[in-house]
Amino acid sequence: MDFLTNLINGISLGSIYAIIALGYTMVYGIAKMLNFAHGDVIMVGSYVCFVAMNSLGLSPLVGVLLAVAACTCLGIVIERLAYKPLRQTASLAVLITAIGVSYFLQNAAQLIWGADPKSFTSVIPFPSVTLFDGQLVISSVTIVTVLASVVVMVLLALFVSKTKLGKAMRACSEDKGAAQLMGINVDATISMVFGIGSGLAAIAGVLLCSAYPTLMPTTGAMPGIKAFTAAVFGGIGSIPGAALGGLLLGIIEVFTKAYISTELADAIVFALLIVVLVIRPAGLLGKVSHEKV
């Protein structure tokens, strides 16, 4: 039964990584840049939900909605102020700017809310589910996390493939110049991608803090890095790749901690990433692109 418990915990953790990884993969797929401030947007969303529930006395649902709205606006503002002016510059400048935005958000959160860890109240009030005469207990957070991940993946896939805005996103991903000639507002499309990715980060942050109820300014740093690893693992730029990479990473991490070593878990995860990239440089579901020179 321990194996099944670890598998469920791995799927739950992997579902959170998958939702976060979607933000990385969408931004990279459209804007061809890595937003390393994405993990700190997770932290901001968690704090907004925390303040809404504990300081303002609002319901968990309202807290989650406020977190999504705040992070969506934050993502658009970050793109407009920090990344848009650098769109035609070298990728190294964008990378350094992303790191700067990350440190800015962490320190701003520390000034506003303090550096002391805070106890996060779960937004999921449902009871746990007990199976096999009490031998297997599945928490409500785990159930909601997995369901939320599936719903997000399905809705996002339908949005990208069926809607006009989704088609604009795919056109910008293929060729921004040609998309602009066809009347697509490339700047607005990229801002929308940042907004959607940041809104998803807020959902992931709330679920993460519900499962691991400690909140501080560095809350999103390590999950953000691991979600980026999941996006690369599955094939960055691919939505199914982000989902697969997140699930595999969560399962591998939990089983490594359970059966090998808690201290070596992160090292083993990143070592597996290196092995995968050596065999498949584009990731598990990534497409190898060839450039004519």
# chains A, B, ... in the order shown; residues from 1 in each chain; ligands from 1
$ select_by_dssp --residues "stretch 5-152 of chain A" --states "strand (DSSP E)" --output "PyMOL selection string"
chain A and resi 118-119+129-131+136-138
$ residues_around --residues "A:Ala108" --least-positions-apart "2" --cutoff "12 Å" --atoms "only C-alpha atoms" --output "list in words"
Asp40, Val41, Met43, Val44, Tyr47, Val101, Ser102, Tyr103, Phe104, Leu105, Gln106, Gln110, Leu111, Ile112, Trp113, Gly114, Ala115, Met216, Pro217 and Thr218 of chain A
$ write_last_selection --atoms "N, CA and C atoms" --output "CSV table (one decimal), in the first residue's frame"
chain,number,residue,atom,x,y,z
A,40,ASP,N,8.3,33.3,-8.9
A,40,ASP,CA,7.9,34.3,-7.9
A,40,ASP,C,6.5,34.8,-8.1
A,41,VAL,N,6.0,34.7,-9.3
A,41,VAL,CA,4.5,35.0,-9.5
A,41,VAL,C,3.7,34.0,-8.7
A,43,MET,N,4.5,32.7,-5.8
A,43,MET,CA,4.5,33.2,-4.4
A,43,MET,C,3.6,34.4,-4.2
A,44,VAL,N,3.5,35.3,-5.2
A,44,VAL,CA,2.6,36.5,-5.1
A,44,VAL,C,1.2,36.0,-5.0
A,47,TYR,N,0.4,34.7,-1.6
A,47,TYR,CA,0.2,35.7,-0.6
A,47,TYR,C,-1.1,36.5,-0.8
A,101,VAL,N,13.9,40.6,-12.2
A,101,VAL,CA,12.5,40.7,-11.8
A,101,VAL,C,12.2,39.7,-10.7
A,102,SER,N,12.8,38.5,-10.8
A,102,SER,CA,12.6,37.5,-9.7
A,102,SER,C,13.1,38.0,-8.4
A,103,TYR,N,14.3,38.6,-8.3
A,103,TYR,CA,14.8,39.2,-7.0
A,103,TYR,C,13.9,40.3,-6.6
A,104,PHE,N,13.5,41.1,-7.5
A,104,PHE,CA,12.6,42.3,-7.1
A,104,PHE,C,11.3,41.8,-6.4
A,105,LEU,N,10.7,40.8,-7.0
A,105,LEU,CA,9.4,40.3,-6.4
A,105,LEU,C,9.7,39.6,-5.1
A,106,GLN,N,10.8,38.9,-4.9
A,106,GLN,CA,11.1,38.3,-3.6
A,106,GLN,C,11.3,39.3,-2.6
A,110,GLN,N,9.0,40.4,0.8
A,110,GLN,CA,9.6,40.4,2.1
A,110,GLN,C,9.4,41.8,2.8
A,111,LEU,N,9.4,42.9,2.1
A,111,LEU,CA,9.1,44.2,2.6
A,111,LEU,C,7.6,44.3,3.0
A,112,ILE,N,6.7,43.8,2.2
A,112,ILE,CA,5.3,43.9,2.4
A,112,ILE,C,4.8,43.0,3.5
A,113,TRP,N,5.2,41.7,3.4
A,113,TRP,CA,4.6,40.7,4.3
A,113,TRP,C,5.6,40.1,5.3
A,114,GLY,N,6.9,40.5,5.2
A,114,GLY,CA,7.8,40.1,6.2
A,114,GLY,C,8.5,38.8,5.7
A,115,ALA,N,9.6,38.4,6.4
A,115,ALA,CA,10.3,37.2,6.0
A,115,ALA,C,9.9,36.0,6.8
A,216,MET,N,6.3,31.8,2.5
A,216,MET,CA,7.3,32.8,2.7
A,216,MET,C,7.8,33.3,1.3
A,217,PRO,N,8.6,34.4,1.3
A,217,PRO,CA,8.9,35.1,0.0
A,217,PRO,C,9.7,34.2,-1.0
A,218,THR,N,10.3,33.1,-0.5
A,218,THR,CA,11.0,32.2,-1.4
A,218,THR,C,10.2,30.9,-1.7
$ residues_around --residues "A:Leu165" --least-positions-apart "6" --cutoff "9 Å" --atoms "only C-alpha atoms" --output "PDB file with C-alpha atoms, in the first residue's frame"
ATOM      1  CA  PHE A 159      -8.440  27.329 -26.102  1.00  0.00           C
ATOM      2  CA  THR A 189      -0.893  38.239 -28.053  1.00  0.00           C
ATOM      3  CA  MET A 192      -2.083  37.644 -23.196  1.00  0.00           C
TER       4      MET A 192
END
$ atom_distance --atom1 "atom CA of A:Val141" --atom2 "atom CA of A:Ser210"
6.8 Å
$ residues_around --residues "A:Pro223" --least-positions-apart "6" --cutoff "10 Å" --atoms "only C-alpha atoms" --output "PyMOL selection string"
chain A and resi 13+16-17+20-21+39-40+42+204-205+208+229
$ write_last_selection --atoms "N, CA and C atoms" --output "compact mmCIF listing (two decimals), in the first residue's frame"
# COMPACT_ATOMS: atom_id res chain seq x y z
N LEU A 13 1.88 15.95 -6.68
CA LEU A 13 2.98 16.91 -6.82
C LEU A 13 3.27 17.20 -8.28
N ILE A 16 0.93 19.73 -9.83
CA ILE A 16 1.29 21.13 -9.53
C ILE A 16 2.43 21.58 -10.44
N TYR A 17 3.45 20.73 -10.58
CA TYR A 17 4.56 21.07 -11.48
C TYR A 17 4.06 21.28 -12.91
N ILE A 20 2.45 24.72 -13.33
CA ILE A 20 3.48 25.76 -13.37
C ILE A 20 4.25 25.70 -14.68
N ALA A 21 4.57 24.48 -15.12
CA ALA A 21 5.36 24.31 -16.34
C ALA A 21 4.63 24.86 -17.56
N GLY A 39 8.39 31.63 -11.11
CA GLY A 39 8.26 31.01 -9.79
C GLY A 39 7.86 32.01 -8.72
N ASP A 40 8.26 33.27 -8.87
CA ASP A 40 7.92 34.28 -7.88
C ASP A 40 6.49 34.78 -8.06
N ILE A 42 4.15 32.72 -8.58
CA ILE A 42 3.49 31.71 -7.75
C ILE A 42 3.38 32.20 -6.31
N ALA A 204 -1.57 27.26 -9.21
CA ALA A 204 -0.57 26.30 -8.74
C ALA A 204 -0.03 26.70 -7.36
N GLY A 205 0.17 28.00 -7.14
CA GLY A 205 0.67 28.46 -5.85
C GLY A 205 -0.29 28.17 -4.71
N LEU A 208 -0.22 24.45 -4.12
CA LEU A 208 1.05 24.09 -3.49
C LEU A 208 1.04 24.40 -2.00
N THR A 229 12.31 22.59 -15.09
CA THR A 229 12.93 21.30 -15.43
C THR A 229 11.91 20.37 -16.05
$ residues_around --residues "A:Ala258" --least-positions-apart "3" --cutoff "12 Å" --atoms "only C-alpha atoms" --output "ChimeraX atom specification"
/A:2-7,9-10,251-255,261-265
$ residues_around --residues "A:Leu156" --least-positions-apart "3" --cutoff "10 Å" --atoms "only C-alpha atoms" --output "list in words"
Leu22, Val150, Val151, Val152, Met153, Phe159, Val160, Ser161, Lys162, Gly166, Ile196 and Ile239 of chain A
$ closest_residue --among "A:Gly177, A:Gly23, A:Pro85, A:Pro60" --to "A:Asn35" --atoms "only C-alpha atoms"
A:Gly23
$ closest_residue --among "A:Met169, A:Leu207, A:Ile236, A:Leu65" --to "A:Leu284" --atoms "only C-alpha atoms"
A:Ile236
$ closest_atom_pairs --of "stretch 4-70 of chain A" --to "stretch 120-130 of chain A" --cutoff "10 Å" --atoms "only C-alpha atoms" --output "CSV"
residue,atom,partner,partner_atom,distance
A:Ser46,CA,A:Phe120,CA,8.6
A:Tyr47,CA,A:Phe120,CA,9.0
A:Cys49,CA,A:Val123,CA,9.0
A:Phe50,CA,A:Phe120,CA,6.5
A:Val51,CA,A:Phe120,CA,9.9
A:Met53,CA,A:Thr121,CA,8.2
A:Asn54,CA,A:Thr121,CA,8.3
A:Ser59,CA,A:Val123,CA,8.5
A:Pro60,CA,A:Val123,CA,5.0
A:Leu61,CA,A:Val123,CA,7.4
A:Gly63,CA,A:Val123,CA,8.4
A:Val64,CA,A:Val123,CA,8.1
$ write_last_selection --atoms "N, CA and C atoms" --output "short mmCIF file (atom, residue, chain, number, x, y, z; two decimals), in the first residue's frame"
data_model
loop_
_atom_site.label_atom_id
_atom_site.label_comp_id
_atom_site.auth_asym_id
_atom_site.auth_seq_id
_atom_site.Cartn_x
_atom_site.Cartn_y
_atom_site.Cartn_z
N SER A 46 0.04 33.20 -3.97
CA SER A 46 -0.21 32.57 -2.67
C SER A 46 -0.43 33.62 -1.58
N TYR A 47 0.37 34.68 -1.61
CA TYR A 47 0.21 35.75 -0.61
C TYR A 47 -1.11 36.48 -0.78
N CYS A 49 -3.92 35.29 -1.95
CA CYS A 49 -4.96 34.41 -1.42
C CYS A 49 -4.90 34.36 0.11
N PHE A 50 -3.69 34.33 0.67
CA PHE A 50 -3.51 34.31 2.12
C PHE A 50 -4.12 35.55 2.77
N VAL A 51 -3.82 36.73 2.19
CA VAL A 51 -4.34 37.99 2.74
C VAL A 51 -5.86 38.05 2.60
N MET A 53 -8.01 35.62 2.61
CA MET A 53 -8.71 34.73 3.55
C MET A 53 -8.47 35.10 5.01
N ASN A 54 -7.23 35.46 5.35
CA ASN A 54 -6.89 35.66 6.76
C ASN A 54 -7.07 37.10 7.23
N SER A 59 -13.98 34.24 1.49
CA SER A 59 -14.06 32.80 1.31
C SER A 59 -12.87 32.31 0.47
N PRO A 60 -12.51 31.02 0.59
CA PRO A 60 -11.39 30.50 -0.20
C PRO A 60 -11.57 30.68 -1.71
N LEU A 61 -12.81 30.51 -2.20
CA LEU A 61 -13.05 30.66 -3.65
C LEU A 61 -12.75 32.09 -4.09
N GLY A 63 -10.78 34.16 -2.58
CA GLY A 63 -9.35 34.33 -2.44
C GLY A 63 -8.59 33.81 -3.65
N VAL A 64 -9.00 32.64 -4.14
CA VAL A 64 -8.36 32.06 -5.33
C VAL A 64 -8.60 32.95 -6.55
#
$ atom_distance --atom1 "atom CA of A:Ser12" --atom2 "atom CA of A:Gly134"
19.8 Å
$ atom_distance --atom1 "atom CA of A:Ile76" --atom2 "atom CA of A:Gly199"
10.2 Å
$ select_by_dssp --residues "stretch 27-209 of chain A" --states "alpha helix (DSSP H)" --output "PDB file with C-alpha atoms, in the first residue's frame"
ATOM      1  CA  VAL A  27       5.934  31.913 -22.935  1.00  0.00           C
ATOM      2  CA  TYR A  28       8.802  30.073 -24.582  1.00  0.00           C
ATOM      3  CA  GLY A  29       6.581  28.739 -27.353  1.00  0.00           C
ATOM      4  CA  ILE A  30       5.303  32.218 -28.273  1.00  0.00           C
ATOM      5  CA  ALA A  31       7.989  34.721 -27.214  1.00  0.00           C
ATOM      6  CA  HIS A  38       7.521  32.799 -13.077  1.00  0.00           C
ATOM      7  CA  GLY A  39       8.262  31.015  -9.789  1.00  0.00           C
ATOM      8  CA  ASP A  40       7.915  34.279  -7.875  1.00  0.00           C
ATOM      9  CA  VAL A  41       4.537  34.957  -9.463  1.00  0.00           C
ATOM     10  CA  ILE A  42       3.486  31.711  -7.753  1.00  0.00           C
ATOM     11  CA  MET A  43       4.545  33.232  -4.440  1.00  0.00           C
ATOM     12  CA  VAL A  44       2.636  36.478  -5.095  1.00  0.00           C
ATOM     13  CA  GLY A  45      -0.547  34.552  -5.888  1.00  0.00           C
ATOM     14  CA  SER A  46      -0.211  32.570  -2.666  1.00  0.00           C
ATOM     15  CA  TYR A  47       0.215  35.749  -0.613  1.00  0.00           C
ATOM     16  CA  VAL A  48      -2.795  37.421  -2.256  1.00  0.00           C
ATOM     17  CA  CYS A  49      -4.962  34.407  -1.418  1.00  0.00           C
ATOM     18  CA  PHE A  50      -3.512  34.305   2.121  1.00  0.00           C
ATOM     19  CA  VAL A  51      -4.335  37.988   2.741  1.00  0.00           C
ATOM     20  CA  ALA A  52      -7.823  37.623   1.240  1.00  0.00           C
ATOM     21  CA  MET A  53      -8.705  34.726   3.546  1.00  0.00           C
ATOM     22  CA  ASN A  54      -6.889  35.661   6.756  1.00  0.00           C
ATOM     23  CA  PRO A  60     -11.393  30.496  -0.199  1.00  0.00           C
ATOM     24  CA  LEU A  61     -13.047  30.665  -3.646  1.00  0.00           C
ATOM     25  CA  VAL A  62     -12.946  34.471  -3.649  1.00  0.00           C
ATOM     26  CA  GLY A  63      -9.345  34.328  -2.444  1.00  0.00           C
ATOM     27  CA  VAL A  64      -8.359  32.060  -5.332  1.00  0.00           C
ATOM     28  CA  LEU A  65     -10.148  34.285  -7.864  1.00  0.00           C
ATOM     29  CA  LEU A  66      -8.426  37.382  -6.489  1.00  0.00           C
ATOM     30  CA  ALA A  67      -5.066  35.617  -6.672  1.00  0.00           C
ATOM     31  CA  VAL A  68      -5.662  34.639 -10.301  1.00  0.00           C
ATOM     32  CA  ALA A  69      -6.755  38.179 -11.205  1.00  0.00           C
ATOM     33  CA  ALA A  70      -3.796  39.777  -9.401  1.00  0.00           C
ATOM     34  CA  CYS A  71      -1.234  37.439 -10.978  1.00  0.00           C
ATOM     35  CA  THR A  72      -2.763  37.831 -14.440  1.00  0.00           C
ATOM     36  CA  CYS A  73      -2.386  41.613 -14.173  1.00  0.00           C
ATOM     37  CA  LEU A  74       1.098  41.208 -12.701  1.00  0.00           C
ATOM     38  CA  GLY A  75       2.188  38.989 -15.594  1.00  0.00           C
ATOM     39  CA  ILE A  76       0.981  41.542 -18.154  1.00  0.00           C
ATOM     40  CA  VAL A  77       2.710  44.409 -16.296  1.00  0.00           C
ATOM     41  CA  ILE A  78       5.985  42.473 -16.063  1.00  0.00           C
ATOM     42  CA  SER A  91      18.551  36.524 -25.231  1.00  0.00           C
ATOM     43  CA  LEU A  92      21.183  37.025 -22.510  1.00  0.00           C
ATOM     44  CA  ALA A  93      19.790  40.492 -21.731  1.00  0.00           C
ATOM     45  CA  VAL A  94      16.293  39.061 -21.350  1.00  0.00           C
ATOM     46  CA  LEU A  95      17.609  36.282 -19.097  1.00  0.00           C
ATOM     47  CA  ILE A  96      19.400  38.744 -16.812  1.00  0.00           C
ATOM     48  CA  THR A  97      16.283  40.927 -16.685  1.00  0.00           C
ATOM     49  CA  ALA A  98      14.150  37.909 -15.721  1.00  0.00           C
ATOM     50  CA  ILE A  99      16.506  37.130 -12.844  1.00  0.00           C
ATOM     51  CA  GLY A 100      16.313  40.783 -11.761  1.00  0.00           C
ATOM     52  CA  VAL A 101      12.506  40.700 -11.810  1.00  0.00           C
ATOM     53  CA  SER A 102      12.627  37.525  -9.716  1.00  0.00           C
ATOM     54  CA  TYR A 103      14.769  39.153  -7.024  1.00  0.00           C
ATOM     55  CA  PHE A 104      12.608  42.281  -7.116  1.00  0.00           C
ATOM     56  CA  LEU A 105       9.432  40.275  -6.444  1.00  0.00           C
ATOM     57  CA  GLN A 106      11.058  38.291  -3.632  1.00  0.00           C
ATOM     58  CA  ASN A 107      12.351  41.395  -1.873  1.00  0.00           C
ATOM     59  CA  ALA A 108       9.110  43.305  -2.420  1.00  0.00           C
ATOM     60  CA  ALA A 109       7.197  40.426  -0.822  1.00  0.00           C
ATOM     61  CA  GLN A 110       9.629  40.434   2.101  1.00  0.00           C
ATOM     62  CA  LEU A 111       9.091  44.171   2.634  1.00  0.00           C
ATOM     63  CA  ILE A 112       5.305  43.905   2.400  1.00  0.00           C
ATOM     64  CA  TRP A 113       4.614  40.666   4.267  1.00  0.00           C
ATOM     65  CA  SER A 140      -8.909  16.279  -0.500  1.00  0.00           C
ATOM     66  CA  VAL A 141      -6.002  18.504  -1.585  1.00  0.00           C
ATOM     67  CA  THR A 142      -4.608  15.642  -3.665  1.00  0.00           C
ATOM     68  CA  ILE A 143      -7.950  14.954  -5.335  1.00  0.00           C
ATOM     69  CA  VAL A 144      -8.624  18.613  -6.140  1.00  0.00           C
ATOM     70  CA  THR A 145      -5.045  19.146  -7.360  1.00  0.00           C
ATOM     71  CA  VAL A 146      -5.230  16.286  -9.855  1.00  0.00           C
ATOM     72  CA  LEU A 147      -8.709  17.294 -11.051  1.00  0.00           C
ATOM     73  CA  ALA A 148      -7.638  20.939 -11.387  1.00  0.00           C
ATOM     74  CA  SER A 149      -4.604  19.902 -13.431  1.00  0.00           C
ATOM     75  CA  VAL A 150      -6.726  17.821 -15.810  1.00  0.00           C
ATOM     76  CA  VAL A 151      -9.305  20.597 -16.221  1.00  0.00           C
ATOM     77  CA  VAL A 152      -6.612  23.221 -16.853  1.00  0.00           C
ATOM     78  CA  MET A 153      -4.884  21.035 -19.462  1.00  0.00           C
ATOM     79  CA  VAL A 154      -8.112  20.279 -21.319  1.00  0.00           C
ATOM     80  CA  LEU A 155      -9.355  23.879 -21.279  1.00  0.00           C
ATOM     81  CA  LEU A 156      -5.988  25.234 -22.376  1.00  0.00           C
ATOM     82  CA  ALA A 157      -5.705  22.711 -25.209  1.00  0.00           C
ATOM     83  CA  LEU A 158      -9.215  23.619 -26.401  1.00  0.00           C
ATOM     84  CA  PHE A 159      -8.440  27.329 -26.102  1.00  0.00           C
ATOM     85  CA  VAL A 160      -5.272  27.052 -28.172  1.00  0.00           C
ATOM     86  CA  SER A 161      -6.798  24.850 -30.871  1.00  0.00           C
ATOM     87  CA  LYS A 162     -10.361  26.169 -31.166  1.00  0.00           C
ATOM     88  CA  LYS A 164      -9.411  32.868 -32.453  1.00  0.00           C
ATOM     89  CA  LEU A 165      -6.979  34.024 -29.785  1.00  0.00           C
ATOM     90  CA  GLY A 166      -5.494  30.541 -29.594  1.00  0.00           C
ATOM     91  CA  LYS A 167      -4.947  30.508 -33.347  1.00  0.00           C
ATOM     92  CA  ALA A 168      -3.261  33.907 -33.047  1.00  0.00           C
ATOM     93  CA  MET A 169      -0.938  32.428 -30.427  1.00  0.00           C
ATOM     94  CA  ARG A 170      -0.017  29.546 -32.725  1.00  0.00           C
ATOM     95  CA  ALA A 171       0.563  31.933 -35.622  1.00  0.00           C
ATOM     96  CA  CYS A 172       2.906  34.090 -33.516  1.00  0.00           C
ATOM     97  CA  SER A 173       4.735  30.966 -32.418  1.00  0.00           C
ATOM     98  CA  GLU A 174       5.364  29.944 -36.023  1.00  0.00           C
ATOM     99  CA  LYS A 176       5.749  36.669 -35.742  1.00  0.00           C
ATOM    100  CA  GLY A 177       6.470  38.686 -38.863  1.00  0.00           C
ATOM    101  CA  ALA A 178       4.001  36.774 -41.007  1.00  0.00           C
ATOM    102  CA  ALA A 179       1.406  36.884 -38.233  1.00  0.00           C
ATOM    103  CA  GLN A 180       1.721  40.660 -38.027  1.00  0.00           C
ATOM    104  CA  LEU A 181       1.304  40.972 -41.792  1.00  0.00           C
ATOM    105  CA  VAL A 186       1.709  40.346 -31.806  1.00  0.00           C
ATOM    106  CA  ASP A 187       2.320  42.561 -28.752  1.00  0.00           C
ATOM    107  CA  ALA A 188      -1.187  41.980 -27.397  1.00  0.00           C
ATOM    108  CA  THR A 189      -0.893  38.239 -28.053  1.00  0.00           C
ATOM    109  CA  ILE A 190       2.378  37.947 -26.130  1.00  0.00           C
ATOM    110  CA  SER A 191       0.923  39.974 -23.237  1.00  0.00           C
ATOM    111  CA  MET A 192      -2.083  37.644 -23.196  1.00  0.00           C
ATOM    112  CA  VAL A 193       0.225  34.620 -22.994  1.00  0.00           C
ATOM    113  CA  PHE A 194       2.029  36.142 -20.007  1.00  0.00           C
ATOM    114  CA  GLY A 195      -1.314  36.874 -18.365  1.00  0.00           C
ATOM    115  CA  ILE A 196      -2.631  33.333 -18.862  1.00  0.00           C
ATOM    116  CA  GLY A 197       0.612  31.760 -17.646  1.00  0.00           C
ATOM    117  CA  SER A 198       0.683  33.976 -14.559  1.00  0.00           C
ATOM    118  CA  GLY A 199      -2.964  33.206 -13.783  1.00  0.00           C
ATOM    119  CA  LEU A 200      -2.148  29.494 -13.909  1.00  0.00           C
ATOM    120  CA  ALA A 201       0.827  30.153 -11.613  1.00  0.00           C
ATOM    121  CA  ALA A 202      -1.570  31.608  -9.031  1.00  0.00           C
ATOM    122  CA  ILE A 203      -3.688  28.434  -9.112  1.00  0.00           C
ATOM    123  CA  ALA A 204      -0.569  26.300  -8.738  1.00  0.00           C
ATOM    124  CA  GLY A 205       0.670  28.457  -5.848  1.00  0.00           C
ATOM    125  CA  VAL A 206      -2.590  28.113  -3.926  1.00  0.00           C
ATOM    126  CA  LEU A 207      -2.619  24.335  -4.461  1.00  0.00           C
ATOM    127  CA  LEU A 208       1.050  24.086  -3.491  1.00  0.00           C
ATOM    128  CA  CYS A 209       0.537  25.985  -0.233  1.00  0.00           C
TER     129      CYS A 209
END
$ decode --residues "stretch 125-148 of chain A" --atoms "N, CA and C atoms" --output "PDB file, in the first residue's frame"
ATOM      1  N   PRO A 125     -11.843  22.598   1.818  1.00  0.00           N
ATOM      2  CA  PRO A 125     -12.377  22.184   3.113  1.00  0.00           C
ATOM      3  C   PRO A 125     -12.942  20.768   3.142  1.00  0.00           C
ATOM      4  N   PHE A 126     -12.855  20.037   2.047  1.00  0.00           N
ATOM      5  CA  PHE A 126     -13.483  18.721   1.979  1.00  0.00           C
ATOM      6  C   PHE A 126     -12.691  17.690   2.784  1.00  0.00           C
ATOM      7  N   PRO A 127     -13.358  16.650   3.278  1.00  0.00           N
ATOM      8  CA  PRO A 127     -12.662  15.618   4.041  1.00  0.00           C
ATOM      9  C   PRO A 127     -11.863  14.685   3.129  1.00  0.00           C
ATOM     10  N   SER A 128     -10.936  13.979   3.727  1.00  0.00           N
ATOM     11  CA  SER A 128     -10.141  13.011   2.978  1.00  0.00           C
ATOM     12  C   SER A 128     -10.977  11.783   2.636  1.00  0.00           C
ATOM     13  N   VAL A 129     -10.512  11.039   1.645  1.00  0.00           N
ATOM     14  CA  VAL A 129     -11.197   9.815   1.220  1.00  0.00           C
ATOM     15  C   VAL A 129     -10.397   8.614   1.730  1.00  0.00           C
ATOM     16  N   THR A 130     -11.078   7.701   2.382  1.00  0.00           N
ATOM     17  CA  THR A 130     -10.429   6.515   2.943  1.00  0.00           C
ATOM     18  C   THR A 130     -10.840   5.278   2.157  1.00  0.00           C
ATOM     19  N   LEU A 131      -9.849   4.490   1.741  1.00  0.00           N
ATOM     20  CA  LEU A 131     -10.101   3.280   0.953  1.00  0.00           C
ATOM     21  C   LEU A 131      -9.417   2.084   1.612  1.00  0.00           C
ATOM     22  N   PHE A 132      -9.863   0.888   1.243  1.00  0.00           N
ATOM     23  CA  PHE A 132      -9.275  -0.370   1.706  1.00  0.00           C
ATOM     24  C   PHE A 132      -9.222  -0.452   3.231  1.00  0.00           C
ATOM     25  N   ASP A 133     -10.370  -0.154   3.860  1.00  0.00           N
ATOM     26  CA  ASP A 133     -10.505  -0.248   5.316  1.00  0.00           C
ATOM     27  C   ASP A 133      -9.487   0.615   6.056  1.00  0.00           C
ATOM     28  N   GLY A 134      -9.267   1.810   5.532  1.00  0.00           N
ATOM     29  CA  GLY A 134      -8.377   2.752   6.194  1.00  0.00           C
ATOM     30  C   GLY A 134      -6.910   2.607   5.858  1.00  0.00           C
ATOM     31  N   GLN A 135      -6.554   1.630   5.009  1.00  0.00           N
ATOM     32  CA  GLN A 135      -5.141   1.442   4.666  1.00  0.00           C
ATOM     33  C   GLN A 135      -4.629   2.510   3.700  1.00  0.00           C
ATOM     34  N   LEU A 136      -5.527   3.097   2.924  1.00  0.00           N
ATOM     35  CA  LEU A 136      -5.144   4.131   1.966  1.00  0.00           C
ATOM     36  C   LEU A 136      -6.004   5.369   2.207  1.00  0.00           C
ATOM     37  N   VAL A 137      -5.354   6.486   2.489  1.00  0.00           N
ATOM     38  CA  VAL A 137      -6.051   7.743   2.722  1.00  0.00           C
ATOM     39  C   VAL A 137      -5.596   8.748   1.664  1.00  0.00           C
ATOM     40  N   ILE A 138      -6.568   9.269   0.919  1.00  0.00           N
ATOM     41  CA  ILE A 138      -6.279  10.259  -0.123  1.00  0.00           C
ATOM     42  C   ILE A 138      -6.840  11.598   0.345  1.00  0.00           C
ATOM     43  N   SER A 139      -5.982  12.564   0.508  1.00  0.00           N
ATOM     44  CA  SER A 139      -6.418  13.867   1.004  1.00  0.00           C
ATOM     45  C   SER A 139      -7.240  14.598  -0.051  1.00  0.00           C
ATOM     46  N   SER A 140      -8.086  15.492   0.413  1.00  0.00           N
ATOM     47  CA  SER A 140      -8.909  16.279  -0.500  1.00  0.00           C
ATOM     48  C   SER A 140      -8.047  17.193  -1.359  1.00  0.00           C
ATOM     49  N   VAL A 141      -6.913  17.654  -0.808  1.00  0.00           N
ATOM     50  CA  VAL A 141      -6.002  18.504  -1.585  1.00  0.00           C
ATOM     51  C   VAL A 141      -5.456  17.741  -2.784  1.00  0.00           C
ATOM     52  N   THR A 142      -5.116  16.470  -2.567  1.00  0.00           N
ATOM     53  CA  THR A 142      -4.608  15.642  -3.665  1.00  0.00           C
ATOM     54  C   THR A 142      -5.661  15.467  -4.755  1.00  0.00           C
ATOM     55  N   ILE A 143      -6.874  15.168  -4.353  1.00  0.00           N
ATOM     56  CA  ILE A 143      -7.950  14.954  -5.335  1.00  0.00           C
ATOM     57  C   ILE A 143      -8.208  16.221  -6.144  1.00  0.00           C
ATOM     58  N   VAL A 144      -8.339  17.350  -5.452  1.00  0.00           N
ATOM     59  CA  VAL A 144      -8.624  18.613  -6.140  1.00  0.00           C
ATOM     60  C   VAL A 144      -7.452  19.026  -7.020  1.00  0.00           C
ATOM     61  N   THR A 145      -6.223  18.782  -6.566  1.00  0.00           N
ATOM     62  CA  THR A 145      -5.045  19.146  -7.360  1.00  0.00           C
ATOM     63  C   THR A 145      -5.018  18.393  -8.677  1.00  0.00           C
ATOM     64  N   VAL A 146      -5.244  17.093  -8.627  1.00  0.00           N
ATOM     65  CA  VAL A 146      -5.230  16.286  -9.855  1.00  0.00           C
ATOM     66  C   VAL A 146      -6.373  16.693 -10.785  1.00  0.00           C
ATOM     67  N   LEU A 147      -7.567  16.885 -10.231  1.00  0.00           N
ATOM     68  CA  LEU A 147      -8.709  17.294 -11.051  1.00  0.00           C
ATOM     69  C   LEU A 147      -8.464  18.673 -11.670  1.00  0.00           C
ATOM     70  N   ALA A 148      -7.913  19.596 -10.877  1.00  0.00           N
ATOM     71  CA  ALA A 148      -7.638  20.939 -11.387  1.00  0.00           C
ATOM     72  C   ALA A 148      -6.619  20.884 -12.521  1.00  0.00           C
TER      73      ALA A 148
END
